[in-house]
file data.csv (CSV, C-alpha atoms)
chain,number,residue,atom,x,y,z
A,1,MET,CA,-11.9,4.9,-3.8
A,2,THR,CA,-8.3,4.0,-4.6
A,3,PRO,CA,-6.4,6.9,-6.1
A,4,ILE,CA,-4.9,6.4,-9.5
A,5,THR,CA,-1.7,8.4,-10.3
A,6,GLU,CA,0.6,8.4,-13.2
A,7,VAL,CA,4.4,8.0,-12.7
A,8,GLU,CA,6.7,8.3,-15.7
A,9,GLY,CA,3.8,7.3,-18.0
A,10,ARG,CA,2.7,4.3,-15.8
A,11,ARG,CA,-0.7,4.3,-14.1
A,12,LEU,CA,-0.5,3.2,-10.5
A,13,SER,CA,-3.2,2.5,-7.9
A,14,LEU,CA,-2.1,3.8,-4.6
A,15,SER,CA,-4.1,2.3,-1.7
A,16,ASN,CA,-4.9,3.2,1.9
A,17,LEU,CA,-2.8,6.4,2.0
A,18,ASP,CA,-4.3,7.4,5.3
A,19,LYS,CA,-3.5,4.1,7.0
A,20,VAL,CA,-1.1,4.5,10.0
A,21,LEU,CA,1.8,2.1,9.5
A,22,TYR,CA,4.0,3.3,12.4
A,23,PRO,CA,1.7,4.0,15.4
A,24,ALA,CA,4.7,5.2,17.5
A,25,THR,CA,5.1,8.2,15.2
A,26,GLY,CA,1.7,8.3,13.5
A,27,THR,CA,3.5,7.8,10.1
A,28,THR,CA,1.0,7.0,7.4
A,29,LYS,CA,1.3,5.0,4.2
A,30,GLY,CA,1.0,8.2,2.2
A,31,GLU,CA,4.0,9.6,4.1
A,32,VAL,CA,6.0,6.4,3.4
A,33,LEU,CA,5.3,6.7,-0.3
A,34,HIS,CA,6.3,10.4,-0.2
A,35,TYR,CA,9.5,9.3,1.5
A,36,TYR,CA,10.4,7.1,-1.4
A,37,ALA,CA,9.2,9.4,-4.2
A,38,ALA,CA,10.4,12.8,-3.0
A,39,THR,CA,13.2,12.1,-0.5
A,40,VAL,CA,15.3,9.1,-1.5
A,41,ALA,CA,14.3,8.0,-5.0
A,42,ARG,CA,17.5,9.5,-6.6
A,43,ALA,CA,19.6,7.9,-3.9
A,44,ILE,CA,18.1,4.5,-3.6
A,45,LEU,CA,17.5,3.7,-7.3
A,46,PRO,CA,21.2,3.4,-8.2
A,47,HIS,CA,21.6,0.8,-5.4
A,48,LEU,CA,18.6,-1.2,-6.5
A,49,ARG,CA,19.2,-1.0,-10.3
A,50,ASP,CA,20.5,-4.2,-11.9
A,51,ARG,CA,19.9,-6.3,-8.8
A,52,PRO,CA,17.1,-8.7,-8.2
A,53,VAL,CA,15.0,-7.5,-5.3
A,54,SER,CA,13.6,-9.4,-2.4
A,55,PHE,CA,10.8,-7.9,-0.2
A,56,LEU,CA,10.1,-8.1,3.4
A,57,ARG,CA,6.4,-7.1,3.4
A,58,TYR,CA,4.6,-5.6,6.3
A,59,PRO,CA,1.3,-4.3,4.9
A,60,ASP,CA,-0.3,-3.7,8.3
A,61,GLY,CA,2.8,-2.1,9.8
A,62,PRO,CA,5.6,-3.6,11.9
A,63,GLY,CA,3.2,-4.9,14.5
A,64,GLY,CA,1.3,-7.0,11.9
A,65,GLN,CA,2.2,-10.0,9.8
A,66,LEU,CA,5.7,-9.8,8.3
A,67,PHE,CA,6.6,-12.2,5.4
A,68,PHE,CA,9.6,-12.4,3.1
A,69,THR,CA,9.2,-13.0,-0.6
A,70,LYS,CA,11.6,-13.4,-3.5
A,71,ASN,CA,9.0,-14.3,-6.1
A,72,PRO,CA,7.1,-11.5,-8.0
A,73,PRO,CA,4.0,-10.7,-5.9
A,74,PRO,CA,0.6,-11.6,-7.3
A,75,GLY,CA,-0.7,-8.8,-9.5
A,76,THR,CA,2.8,-7.6,-10.5
A,77,PRO,CA,2.2,-5.3,-13.6
A,78,ASP,CA,3.6,-6.6,-16.9
A,79,TRP,CA,5.7,-3.5,-17.2
A,80,VAL,CA,7.7,-4.3,-14.0
A,81,ARG,CA,10.8,-6.1,-15.3
A,82,THR,CA,11.7,-9.4,-13.8
A,83,THR,CA,14.9,-11.4,-14.2
A,84,PRO,CA,15.8,-15.1,-14.0
A,85,VAL,CA,17.6,-16.0,-10.7
A,86,PRO,CA,19.2,-19.4,-10.0
A,87,ARG,CA,17.7,-21.0,-6.9
A,88,SER,CA,19.5,-24.4,-7.1
A,89,GLU,CA,21.6,-26.3,-9.6
A,90,ASP,CA,18.6,-27.4,-11.6
A,91,GLN,CA,16.1,-24.7,-10.9
A,92,ALA,CA,15.7,-21.0,-11.7
A,93,ALA,CA,13.0,-18.5,-10.7
A,94,ARG,CA,12.3,-14.9,-11.4
A,95,GLN,CA,12.6,-11.8,-9.2
A,96,VAL,CA,11.6,-8.2,-9.6
A,97,MET,CA,13.9,-5.5,-10.8
A,98,VAL,CA,13.3,-2.0,-9.4
A,99,GLU,CA,14.9,0.3,-11.9
A,100,ASP,CA,12.9,3.4,-12.2
A,101,LEU,CA,10.5,5.7,-10.2
A,102,ALA,CA,7.4,3.9,-11.4
A,103,SER,CA,8.6,0.4,-10.3
A,104,LEU,CA,9.9,1.9,-7.0
A,105,MET,CA,6.5,3.4,-6.2
A,106,TRP,CA,4.7,0.2,-7.2
A,107,ALA,CA,6.8,-1.7,-4.8
A,108,ALA,CA,6.6,0.9,-2.0
A,109,ASN,CA,2.8,0.7,-2.3
A,110,LEU,CA,3.1,-2.9,-1.2
A,111,VAL,CA,4.7,-1.7,2.0
A,112,VAL,CA,8.1,-3.5,1.9
A,113,GLU,CA,11.7,-3.4,3.0
A,114,PHE,CA,14.0,-3.7,0.0
A,115,HIS,CA,16.7,-6.3,0.1
A,116,THR,CA,19.4,-7.0,-2.5
A,117,PRO,CA,22.2,-9.4,-3.1
A,118,GLN,CA,25.9,-8.5,-3.5
A,119,TRP,CA,25.8,-9.4,-7.2
A,120,ARG,CA,24.1,-8.0,-10.3
A,121,ALA,CA,21.5,-9.8,-12.3
A,122,ASP,CA,23.8,-10.3,-15.4
A,123,ALA,CA,26.3,-12.1,-13.2
A,124,PRO,CA,24.6,-14.2,-10.6
A,125,GLY,CA,27.0,-15.4,-7.9
A,126,THR,CA,29.7,-13.0,-8.9
A,127,ALA,CA,29.9,-10.3,-6.2
A,128,ASP,CA,30.9,-6.7,-6.9
A,129,ARG,CA,30.7,-5.8,-3.2
A,130,MET,CA,31.3,-7.4,0.2
A,131,VAL,CA,29.3,-6.9,3.3
A,132,PHE,CA,29.8,-7.3,7.1
A,133,ASP,CA,26.7,-7.2,9.2
A,134,LEU,CA,27.7,-6.1,12.7
A,135,ASP,CA,25.0,-7.3,15.0
A,136,PRO,CA,25.2,-6.5,18.8
A,137,GLY,CA,24.1,-8.9,21.5
A,138,SER,CA,22.5,-7.0,24.4
A,139,PRO,CA,23.7,-5.2,26.4
A,140,ALA,CA,26.1,-4.3,23.5
A,141,THR,CA,24.7,-1.7,21.1
A,142,VAL,CA,25.7,0.0,17.9
A,143,VAL,CA,28.4,1.8,20.0
A,144,GLU,CA,30.3,-1.5,20.2
A,145,CYS,CA,29.6,-2.2,16.6
A,146,CYS,CA,31.4,1.1,15.7
A,147,ALA,CA,34.5,-0.1,17.6
A,148,VAL,CA,34.5,-3.4,15.6
A,149,ALA,CA,33.9,-1.4,12.4
A,150,LEU,CA,36.9,0.8,13.0
A,151,TRP,CA,39.1,-2.4,13.4
A,152,LEU,CA,37.7,-3.9,10.2
A,153,ARG,CA,38.3,-0.6,8.3
A,154,GLU,CA,42.0,-0.7,9.1
A,155,ARG,CA,42.2,-4.4,8.4
A,156,LEU,CA,40.5,-4.0,5.0
A,157,SER,CA,42.7,-1.0,4.2
A,158,ALA,CA,45.8,-3.2,4.9
A,159,ASP,CA,44.6,-5.3,2.0
A,160,GLY,CA,43.9,-2.3,-0.2
A,161,LEU,CA,40.2,-2.3,0.2
A,162,PHE,CA,37.8,0.6,0.9
A,163,ALA,CA,35.0,0.3,3.4
A,164,TYR,CA,31.8,2.4,3.8
A,165,GLY,CA,29.3,2.3,6.6
A,166,LYS,CA,25.5,2.4,7.0
A,167,THR,CA,23.2,1.7,9.8
A,168,SER,CA,21.2,-1.5,9.6
A,169,GLY,CA,18.1,0.5,10.5
A,170,SER,CA,17.7,-1.8,13.4
A,171,LYS,CA,20.3,-2.3,16.1
A,172,GLY,CA,23.5,-2.7,14.2
A,173,LEU,CA,25.8,-1.5,11.4
A,174,HIS,CA,26.7,-2.7,7.9
A,175,LEU,CA,30.1,-2.3,6.3
A,176,LEU,CA,30.2,-2.4,2.5
A,177,VAL,CA,33.3,-2.9,0.3
A,178,PRO,CA,33.3,-2.3,-3.5
A,179,LEU,CA,35.1,-5.2,-5.3
A,180,GLU,CA,36.2,-6.1,-8.7
A,181,PRO,CA,33.9,-9.0,-9.8
A,182,THR,CA,34.7,-12.0,-7.7
A,183,PRO,CA,33.0,-15.4,-7.1
A,184,SER,CA,30.7,-15.1,-4.1
A,185,ALA,CA,32.3,-18.2,-2.5
A,186,GLU,CA,35.7,-16.5,-2.5
A,187,VAL,CA,34.3,-13.3,-1.0
A,188,SER,CA,32.5,-15.3,1.7
A,189,ALA,CA,35.7,-17.2,2.5
A,190,TYR,CA,37.7,-13.9,2.8
A,191,ALA,CA,35.0,-12.3,4.9
A,192,LYS,CA,34.9,-15.2,7.2
A,193,ARG,CA,38.7,-15.1,7.6
A,194,LEU,CA,38.4,-11.4,8.7
A,195,ALA,CA,35.6,-12.2,11.1
A,196,VAL,CA,37.8,-14.8,12.7
A,197,GLU,CA,40.7,-12.3,12.9
A,198,ALA,CA,38.4,-9.7,14.4
A,199,GLU,CA,37.4,-12.2,17.2
A,200,SER,CA,41.1,-13.0,17.8
A,201,ALA,CA,42.1,-9.3,17.9
A,202,LEU,CA,39.1,-8.2,20.0
A,203,PRO,CA,38.2,-11.2,22.1
A,204,GLU,CA,36.1,-9.3,24.6
A,205,LEU,CA,34.1,-7.5,21.8
A,206,ALA,CA,33.9,-9.4,18.5
A,207,LEU,CA,32.4,-12.8,17.7
A,208,HIS,CA,32.4,-14.7,14.4
A,209,ARG,CA,30.0,-17.5,15.5
A,210,MET,CA,26.2,-17.1,15.6
A,211,LYS,CA,25.7,-19.3,18.7
A,212,ARG,CA,23.2,-17.4,21.0
A,213,ALA,CA,25.0,-18.4,24.2
A,214,LEU,CA,28.1,-16.6,23.1
A,215,ARG,CA,26.3,-13.4,22.0
A,216,PRO,CA,25.5,-11.3,25.1
A,217,GLY,CA,27.7,-8.2,25.3
A,218,LYS,CA,29.5,-8.9,22.0
A,219,VAL,CA,29.2,-8.0,18.3
A,220,PHE,CA,28.5,-10.8,15.9
A,221,VAL,CA,30.5,-10.2,12.7
A,222,ASP,CA,28.1,-11.8,10.3
A,223,PHE,CA,29.9,-12.6,7.1
A,224,SER,CA,27.2,-15.0,5.8
A,225,GLN,CA,25.4,-12.4,3.7
A,226,ASN,CA,28.1,-12.7,1.2
A,227,SER,CA,26.7,-16.0,0.1
A,228,ALA,CA,25.2,-15.8,-3.3
A,229,SER,CA,21.8,-16.9,-1.9
A,230,LYS,CA,21.7,-14.1,0.8
A,231,THR,CA,20.5,-10.5,0.7
A,232,THR,CA,21.1,-7.4,2.7
A,233,ALA,CA,18.8,-4.4,3.4
A,234,THR,CA,19.3,-1.9,0.6
A,235,PRO,CA,20.7,1.5,1.5
A,236,TYR,CA,17.9,4.0,2.3
A,237,THR,CA,15.2,1.3,2.7
A,238,LEU,CA,12.7,1.9,5.6
A,239,ARG,CA,12.7,-0.9,8.1
A,240,ALA,CA,9.8,-2.7,9.7
A,241,ARG,CA,10.6,-1.5,13.2
A,242,THR,CA,8.6,0.4,15.8
A,243,GLU,CA,9.5,3.7,14.2
A,244,PRO,CA,10.2,4.4,10.5
A,245,THR,CA,14.0,4.0,10.8
A,246,VAL,CA,16.2,4.0,7.7
A,247,SER,CA,19.2,1.9,6.7
A,248,ALA,CA,21.1,5.1,6.4
A,249,PRO,CA,24.7,5.7,5.2
A,250,VAL,CA,27.0,7.2,7.8
A,251,THR,CA,30.3,9.0,7.8
A,252,TRP,CA,33.4,7.5,9.4
A,253,ASP,CA,33.5,10.6,11.7
A,254,GLU,CA,30.1,9.6,12.9
A,255,ILE,CA,31.2,6.1,13.5
A,256,GLU,CA,34.4,7.2,15.3
A,257,GLY,CA,32.4,9.7,17.5
A,258,CYS,CA,29.5,7.4,18.4
A,259,ARG,CA,29.1,7.3,22.2
A,260,ASN,CA,25.3,6.9,22.3
A,261,PRO,CA,23.2,4.4,20.4
A,262,GLU,CA,20.6,7.1,19.5
A,263,ALA,CA,23.3,9.1,17.6
A,264,LEU,CA,23.1,6.5,14.8
A,265,VAL,CA,19.3,6.2,14.6
A,266,PHE,CA,18.0,7.9,11.5
A,267,ARG,CA,14.3,8.2,10.7
A,268,ALA,CA,12.5,9.0,7.5
A,269,ASP,CA,11.8,12.6,8.4
A,270,GLY,CA,15.5,13.3,8.8
A,271,MET,CA,16.8,11.9,5.5
A,272,ALA,CA,16.1,14.9,3.3
A,273,ALA,CA,18.5,17.0,5.5
A,274,ARG,CA,21.2,14.3,5.5
A,275,LEU,CA,21.0,13.9,1.7
A,276,GLY,CA,21.2,17.7,1.3
A,277,ARG,CA,24.2,17.8,3.6
A,278,TYR,CA,26.2,14.7,2.4
A,279,GLY,CA,24.7,13.5,-0.8
A,280,ASP,CA,24.9,9.7,-1.2
A,281,LEU,CA,27.7,8.7,1.1
A,282,LEU,CA,27.6,5.2,-0.5
A,283,GLY,CA,28.1,6.7,-4.0
A,284,PRO,CA,31.6,5.2,-4.1
A,285,LEU,CA,30.1,1.7,-4.2
A,286,LEU,CA,28.8,2.6,-7.7
A,287,ASP,CA,32.2,3.9,-8.9
A,288,PRO,CA,34.2,1.3,-10.7
A,289,ASP,CA,37.4,3.2,-9.9
A,290,ARG,CA,36.8,2.4,-6.1
A,291,ALA,CA,36.5,-1.3,-6.7
A,292,ARG,CA,39.6,-3.4,-5.8
A,293,PRO,CA,40.4,-7.1,-6.1
A,294,LEU,CA,40.6,-9.4,-3.1
A,295,PRO,CA,44.3,-9.8,-2.2
A,296,ALA,CA,46.0,-12.8,-3.8
A,297,GLY,CA,45.3,-16.0,-1.9
A,298,ALA,CA,42.7,-14.2,0.3
A,299,ALA,CA,40.2,-17.0,0.1

call {"tool": "encode", "arguments": {"input": "data.csv", "output": "structure tokens"}}
result
Amino acid sequence: MTPITEVEGRRLSLSNLDKVLYPATGTTKGEVLHYYAATVARAILPHLRDRPVSFLRYPDGPGGQLFFTKNPPPGTPDWVRTTPVPRSEDQAARQVMVEDLASLMWAANLVVEFHTPQWRADAPGTADRMVFDLDPGSPATVVECCAVALWLRERLSADGLFAYGKTSGSKGLHLLVPLEPTPSAEVSAYAKRLAVEAESALPELALHRMKRALRPGKVFVDFSQNSASKTTATPYTLRARTEPTVSAPVTWDEIEGCRNPEALVFRADGMAARLGRYGDLLGPLLDPDRARPLPAGAA
């Protein structure tokens, strides 16, 4: 029998709570739902709010079928808000908005990663943040990503911009930069320029091209997620990896001090303690006073 629960006045059917989603740790679906409801709801909801959400679904765990969807899933309740999203010059579609605990729990029950764009629903294609996805090519690890992140922080600071870090929840690191509203195309162009500069300044370490043959031992500075059509893993989302790893905010001290890849691996069961110690380290992304314009002529 599927349990029915009430969340903020909404009735939800929560299914298969005893199902093991992460065999490596024995983590069940019920524990995943508890993670979102009790551990990170207050932290993740502000980063989801006002942004159309895309889902990477993994209903049978990371070892099962994974599929990415932007459209509202079949059976989406009528109380879950959706918003029109441009897909091409002559087409628009709708995507889910996760704005409260009830819609968060409805989505989490589908077993998903949460992904969001760098723009808000009321201004499609106008970014209020910039992202660099630092992706290591083996044998490079997140340790090398941290070295590139430190260079990017200084370079961004020279242009008057603030950078904040989080793990990807996989192998790499994300840098996020709050911006005054700026067309995504201009943000992408500026981010590409800095990626090229990083490769020039750190030729043995950084790479701005995705070509696989160039990747081993280097960090790909992926600027492409600034495109209006792209999304990035939302802070605090669980990832569809072997273990229930989190795309977790990190301090610059942790980035500077990283000497072992395991030092920047954070799992669901450790996030309550981190939030208790640090609060939301990405809170500045939500503070309009931290947003800065791109430098004149940056694009």

call {"tool": "closest_residue", "arguments": {"input": "data.csv", "among": "A:Arg239, A:Arg49, A:Arg120, A:Arg155", "to": "A:Glu197", "atoms": "all atoms listed in the file"}}
result
A:Arg155

call {"tool": "atom_distance", "arguments": {"input": "data.csv", "atom1": "atom CA of A:Thr167", "atom2": "atom CA of A:Cys145"}}
result
10.1 Å

call {"tool": "residues_around", "arguments": {"input": "data.csv", "residues": "A:Ala233", "least_positions_apart": "3", "cutoff": "7 Å", "atoms": "only C-alpha atoms", "output": "mmCIF file with C-alpha atoms, in the frame of the given file"}}
result
data_model
loop_
_atom_site.group_PDB
_atom_site.id
_atom_site.type_symbol
_atom_site.label_atom_id
_atom_site.label_comp_id
_atom_site.auth_asym_id
_atom_site.auth_seq_id
_atom_site.Cartn_x
_atom_site.Cartn_y
_atom_site.Cartn_z
ATOM 1 C CA PHE A 114 14.000 -3.700 0.000
ATOM 2 C CA HIS A 115 16.700 -6.300 0.100
ATOM 3 C CA THR A 116 19.400 -7.000 -2.500
ATOM 4 C CA THR A 237 15.200 1.300 2.700
#

call {"tool": "closest_atom_pairs", "arguments": {"input": "data.csv", "of": "stretch 96-163 of chain A", "to": "stretch 212-226 of chain A", "cutoff": "12 Å", "atoms": "all atoms listed in the file", "output": "JSON lines"}}
result
{"residue": "A:His115", "atom": "CA", "partner": "A:Gln225", "partner_atom": "CA", "distance": 11.2}
{"residue": "A:Thr116", "atom": "CA", "partner": "A:Gln225", "partner_atom": "CA", "distance": 10.2}
{"residue": "A:Pro117", "atom": "CA", "partner": "A:Asn226", "partner_atom": "CA", "distance": 8.0}
{"residue": "A:Gln118", "atom": "CA", "partner": "A:Asn226", "partner_atom": "CA", "distance": 6.7}
{"residue": "A:Trp119", "atom": "CA", "partner": "A:Asn226", "partner_atom": "CA", "distance": 9.3}
{"residue": "A:Gly125", "atom": "CA", "partner": "A:Asn226", "partner_atom": "CA", "distance": 9.6}
{"residue": "A:Thr126", "atom": "CA", "partner": "A:Asn226", "partner_atom": "CA", "distance": 10.2}
{"residue": "A:Ala127", "atom": "CA", "partner": "A:Asn226", "partner_atom": "CA", "distance": 8.0}
{"residue": "A:Asp128", "atom": "CA", "partner": "A:Asn226", "partner_atom": "CA", "distance": 10.5}
{"residue": "A:Arg129", "atom": "CA", "partner": "A:Asn226", "partner_atom": "CA", "distance": 8.6}
{"residue": "A:Met130", "atom": "CA", "partner": "A:Asn226", "partner_atom": "CA", "distance": 6.3}
{"residue": "A:Val131", "atom": "CA", "partner": "A:Asn226", "partner_atom": "CA", "distance": 6.3}
{"residue": "A:Phe132", "atom": "CA", "partner": "A:Phe223", "partner_atom": "CA", "distance": 5.3}
{"residue": "A:Asp133", "atom": "CA", "partner": "A:Asp222", "partner_atom": "CA", "distance": 4.9}
{"residue": "A:Leu134", "atom": "CA", "partner": "A:Val221", "partner_atom": "CA", "distance": 5.0}
{"residue": "A:Asp135", "atom": "CA", "partner": "A:Phe220", "partner_atom": "CA", "distance": 5.0}
{"residue": "A:Pro136", "atom": "CA", "partner": "A:Val219", "partner_atom": "CA", "distance": 4.3}
{"residue": "A:Gly137", "atom": "CA", "partner": "A:Pro216", "partner_atom": "CA", "distance": 4.5}
{"residue": "A:Ser138", "atom": "CA", "partner": "A:Pro216", "partner_atom": "CA", "distance": 5.3}
{"residue": "A:Pro139", "atom": "CA", "partner": "A:Gly217", "partner_atom": "CA", "distance": 5.1}
{"residue": "A:Ala140", "atom": "CA", "partner": "A:Gly217", "partner_atom": "CA", "distance": 4.6}
{"residue": "A:Thr141", "atom": "CA", "partner": "A:Val219", "partner_atom": "CA", "distance": 8.2}
{"residue": "A:Val142", "atom": "CA", "partner": "A:Val219", "partner_atom": "CA", "distance": 8.7}
{"residue": "A:Val143", "atom": "CA", "partner": "A:Val219", "partner_atom": "CA", "distance": 10.0}
{"residue": "A:Glu144", "atom": "CA", "partner": "A:Val219", "partner_atom": "CA", "distance": 6.9}
{"residue": "A:Cys145", "atom": "CA", "partner": "A:Val219", "partner_atom": "CA", "distance": 6.1}
{"residue": "A:Cys146", "atom": "CA", "partner": "A:Val219", "partner_atom": "CA", "distance": 9.7}
{"residue": "A:Ala147", "atom": "CA", "partner": "A:Val219", "partner_atom": "CA", "distance": 9.5}
{"residue": "A:Val148", "atom": "CA", "partner": "A:Val219", "partner_atom": "CA", "distance": 7.5}
{"residue": "A:Ala149", "atom": "CA", "partner": "A:Val221", "partner_atom": "CA", "distance": 9.4}
{"residue": "A:Trp151", "atom": "CA", "partner": "A:Val221", "partner_atom": "CA", "distance": 11.6}
{"residue": "A:Leu152", "atom": "CA", "partner": "A:Val221", "partner_atom": "CA", "distance": 9.9}

call {"tool": "closest_residue", "arguments": {"input": "data.csv", "among": "A:Thr251, A:Thr232, A:Ser54, A:Thr83", "to": "A:Asp122", "atoms": "all atoms listed in the file"}}
result
A:Thr83

call {"tool": "residues_near_point", "arguments": {"input": "data.csv", "point": "(29.0, -0.2, -9.7)", "cutoff": "10 Å", "atoms": "all atoms listed in the file", "output": "VMD selection string"}}
result
chain A and resid 46 to 47 49 to 50 120 128 to 129 178 to 180 283 to 291

call {"tool": "build_atoms", "arguments": {"input": "data.csv", "residues": "stretch 60-68 of chain A", "atoms": "all heavy atoms", "output": "PDB file, in the frame of the given file"}}
result
ATOM      1  N   ASP A  60       0.474  -4.283   7.227  1.00  0.00           N
ATOM      2  CA  ASP A  60      -0.300  -3.700   8.300  1.00  0.00           C
ATOM      3  C   ASP A  60       0.643  -3.058   9.374  1.00  0.00           C
ATOM      4  O   ASP A  60       0.264  -2.882  10.536  1.00  0.00           O
ATOM      5  CB  ASP A  60      -1.116  -4.807   9.014  1.00  0.00           C
ATOM      6  CG  ASP A  60      -2.194  -5.327   8.076  1.00  0.00           C
ATOM      7  OD1 ASP A  60      -2.865  -4.498   7.437  1.00  0.00           O
ATOM      8  OD2 ASP A  60      -2.342  -6.559   7.969  1.00  0.00           O
ATOM      9  N   GLY A  61       1.859  -2.691   8.931  1.00  0.00           N
ATOM     10  CA  GLY A  61       2.800  -2.100   9.800  1.00  0.00           C
ATOM     11  C   GLY A  61       3.665  -3.117  10.528  1.00  0.00           C
ATOM     12  O   GLY A  61       3.413  -4.329  10.435  1.00  0.00           O
ATOM     13  N   PRO A  62       4.695  -2.676  11.246  1.00  0.00           N
ATOM     14  CA  PRO A  62       5.600  -3.600  11.900  1.00  0.00           C
ATOM     15  C   PRO A  62       5.001  -4.473  12.961  1.00  0.00           C
ATOM     16  O   PRO A  62       5.551  -5.510  13.324  1.00  0.00           O
ATOM     17  CB  PRO A  62       6.720  -2.702  12.450  1.00  0.00           C
ATOM     18  CG  PRO A  62       6.098  -1.358  12.535  1.00  0.00           C
ATOM     19  CD  PRO A  62       5.113  -1.280  11.417  1.00  0.00           C
ATOM     20  N   GLY A  63       3.842  -4.057  13.489  1.00  0.00           N
ATOM     21  CA  GLY A  63       3.200  -4.900  14.500  1.00  0.00           C
ATOM     22  C   GLY A  63       2.283  -5.947  13.905  1.00  0.00           C
ATOM     23  O   GLY A  63       1.761  -6.793  14.632  1.00  0.00           O
ATOM     24  N   GLY A  64       2.116  -5.961  12.583  1.00  0.00           N
ATOM     25  CA  GLY A  64       1.300  -7.000  11.900  1.00  0.00           C
ATOM     26  C   GLY A  64       2.100  -8.103  11.372  1.00  0.00           C
ATOM     27  O   GLY A  64       3.240  -8.338  11.773  1.00  0.00           O
ATOM     28  N   GLN A  65       1.522  -8.813  10.429  1.00  0.00           N
ATOM     29  CA  GLN A  65       2.200 -10.000   9.800  1.00  0.00           C
ATOM     30  C   GLN A  65       3.355  -9.474   8.947  1.00  0.00           C
ATOM     31  O   GLN A  65       3.207  -8.544   8.152  1.00  0.00           O
ATOM     32  CB  GLN A  65       1.238 -10.789   9.002  1.00  0.00           C
ATOM     33  CG  GLN A  65       1.875 -12.033   8.398  1.00  0.00           C
ATOM     34  CD  GLN A  65       0.915 -12.807   7.505  1.00  0.00           C
ATOM     35  OE1 GLN A  65      -0.121 -12.283   7.114  1.00  0.00           O
ATOM     36  NE2 GLN A  65       1.274 -14.036   7.172  1.00  0.00           N
ATOM     37  N   LEU A  66       4.518 -10.106   9.099  1.00  0.00           N
ATOM     38  CA  LEU A  66       5.700  -9.800   8.300  1.00  0.00           C
ATOM     39  C   LEU A  66       5.982 -11.108   7.471  1.00  0.00           C
ATOM     40  O   LEU A  66       5.969 -12.212   8.027  1.00  0.00           O
ATOM     41  CB  LEU A  66       6.901  -9.459   9.083  1.00  0.00           C
ATOM     42  CG  LEU A  66       7.018  -8.029   9.625  1.00  0.00           C
ATOM     43  CD1 LEU A  66       5.962  -7.756  10.691  1.00  0.00           C
ATOM     44  CD2 LEU A  66       8.411  -7.788  10.207  1.00  0.00           C
ATOM     45  N   PHE A  67       6.253 -10.975   6.179  1.00  0.00           N
ATOM     46  CA  PHE A  67       6.600 -12.200   5.400  1.00  0.00           C
ATOM     47  C   PHE A  67       7.598 -11.752   4.299  1.00  0.00           C
ATOM     48  O   PHE A  67       7.502 -10.684   3.716  1.00  0.00           O
ATOM     49  CB  PHE A  67       5.393 -12.861   4.824  1.00  0.00           C
ATOM     50  CG  PHE A  67       4.444 -11.996   4.041  1.00  0.00           C
ATOM     51  CD1 PHE A  67       4.475 -11.985   2.659  1.00  0.00           C
ATOM     52  CD2 PHE A  67       3.508 -11.201   4.689  1.00  0.00           C
ATOM     53  CE1 PHE A  67       3.591 -11.200   1.932  1.00  0.00           C
ATOM     54  CE2 PHE A  67       2.608 -10.418   3.974  1.00  0.00           C
ATOM     55  CZ  PHE A  67       2.661 -10.411   2.592  1.00  0.00           C
ATOM     56  N   PHE A  68       8.552 -12.654   4.076  1.00  0.00           N
ATOM     57  CA  PHE A  68       9.600 -12.400   3.100  1.00  0.00           C
ATOM     58  C   PHE A  68       9.299 -13.112   1.814  1.00  0.00           C
ATOM     59  O   PHE A  68       8.853 -14.259   1.804  1.00  0.00           O
ATOM     60  CB  PHE A  68      10.943 -12.964   3.690  1.00  0.00           C
ATOM     61  CG  PHE A  68      12.174 -12.406   3.038  1.00  0.00           C
ATOM     62  CD1 PHE A  68      12.627 -11.132   3.348  1.00  0.00           C
ATOM     63  CD2 PHE A  68      12.897 -13.153   2.122  1.00  0.00           C
ATOM     64  CE1 PHE A  68      13.775 -10.617   2.751  1.00  0.00           C
ATOM     65  CE2 PHE A  68      14.043 -12.644   1.520  1.00  0.00           C
ATOM     66  CZ  PHE A  68      14.475 -11.371   1.848  1.00  0.00           C
TER      67      PHE A  68
END
